[in-house]
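In what follows, a single structure is set out as structure tokens and then discussed.
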Amino acid sequence: MATATKTTKKTSKAKSDGFAVIKTGGKQYRVSVGDSIKIEKMKGEYKKGDKVTFSEVLLTDDGKNTVIGTPFIDGAKVEGTIDVIGRAPKVLVIKYKQKSRYMKKNGHRQPYFKVVINSI
């Protein structure tokens, strides 16, 4: 099972700009400008440095007013740049039945994108 991790840069500017909650890859992420998030690989041809736009914005907050979508906010978008295209560490899946000489061993590496958020 793949896990998403979020790495934020510690700056006071990111706190004052507000945040947004986006949906991608079946998961929800809380993002601010300058944040770096690991997301599930998206369909299509992407390479390092490409711009990506997340149009499924669930919530925005700029510090003064909060807008909640039903389910999404019309016209809102979050833009980012792909920083890393990689694969997570290997996860081993082992099936074993005792006394019957049955054992299967498979490995899996989940692909991911690391995206830096540019604007909300």
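Following the order of the structure tokens, chains are lettered A, B, ..., residues in each are numbered from 1, and ligands are numbered from 1.
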Open item on the list: as a ChimeraX atom specification, please: every residue in segment 17-82 of chain A that DSSP puts in strand (DSSP E).
Closed with: /A:19-24,27-31,36-40,51-54,57-61,66-68,78-82
Contacts of segment 17-25 of chain A at 12 Å (only C-alpha atoms; same-chain gap of 6+ positions) as a compact mmCIF listing (two decimals) with C-alpha atoms, in the first residue's frame:
```
# COMPACT_ATOMS: atom_id res chain seq x y z
CA ALA A 2 1.42 3.36 -0.96
CA THR A 3 1.61 6.19 1.53
CA ALA A 4 1.75 9.83 0.69
CA THR A 11 8.54 29.75 6.28
CA VAL A 31 -1.27 22.41 0.45
CA SER A 32 0.20 25.90 0.72
CA VAL A 33 2.41 27.85 -1.67
CA GLY A 34 5.94 26.41 -1.54
CA ASP A 35 4.89 23.00 -0.19
CA ILE A 37 3.94 16.80 -1.75
CA LYS A 38 4.22 13.21 -2.93
CA ILE A 39 1.19 12.20 -5.00
CA GLU A 40 0.13 9.14 -6.96
CA LYS A 41 1.37 8.99 -10.54
CA MET A 42 -1.09 10.68 -12.94
CA LYS A 43 -2.11 9.36 -16.35
CA VAL A 52 0.44 20.43 -13.45
CA THR A 53 -2.93 21.94 -12.55
CA PHE A 54 -5.25 20.51 -9.92
CA SER A 55 -8.81 21.63 -10.67
CA GLU A 56 -10.48 19.50 -7.98
CA VAL A 57 -10.16 22.00 -5.13
CA LEU A 58 -12.29 21.11 -2.10
CA LEU A 59 -11.52 24.06 0.19
CA THR A 60 -9.57 27.32 0.17
CA ASP A 61 -8.62 29.55 3.09
CA ASP A 62 -6.72 32.84 2.81
CA GLY A 63 -6.70 33.67 6.52
CA LYS A 64 -9.81 35.86 6.40
CA ASN A 65 -12.48 33.84 4.64
CA THR A 66 -12.92 30.15 3.98
CA VAL A 67 -14.63 28.78 0.86
CA ILE A 68 -15.93 25.22 0.95
CA GLY A 69 -16.92 23.48 -2.29
CA PRO A 71 -18.00 19.08 -3.74
CA PHE A 72 -15.54 21.28 -5.68
CA ILE A 73 -15.05 25.06 -5.91
CA ALA A 76 -10.48 27.41 -8.31
CA LYS A 77 -7.22 25.73 -9.24
CA VAL A 78 -3.87 24.89 -7.71
CA GLU A 79 -0.77 24.91 -9.90
CA GLY A 80 2.49 23.10 -9.29
CA PRO A 111 5.34 5.11 -8.81
CA TYR A 112 4.90 8.67 -7.52
CA PHE A 113 5.33 12.34 -8.45
CA VAL A 115 5.18 18.21 -6.83
CA ILE A 117 3.05 23.98 -5.25
CA ASN A 118 3.49 27.31 -7.08
CA SER A 119 0.13 29.06 -6.72
CA ILE A 120 -3.37 28.67 -5.36
```
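The protein and nucleic acid residues lying at most 7 Å from Gly49 of chain A are Thr81, Ile82 and Asp83 of chain A, with only C-alpha atoms considered and sequence neighbours fewer than 3 positions away removed.
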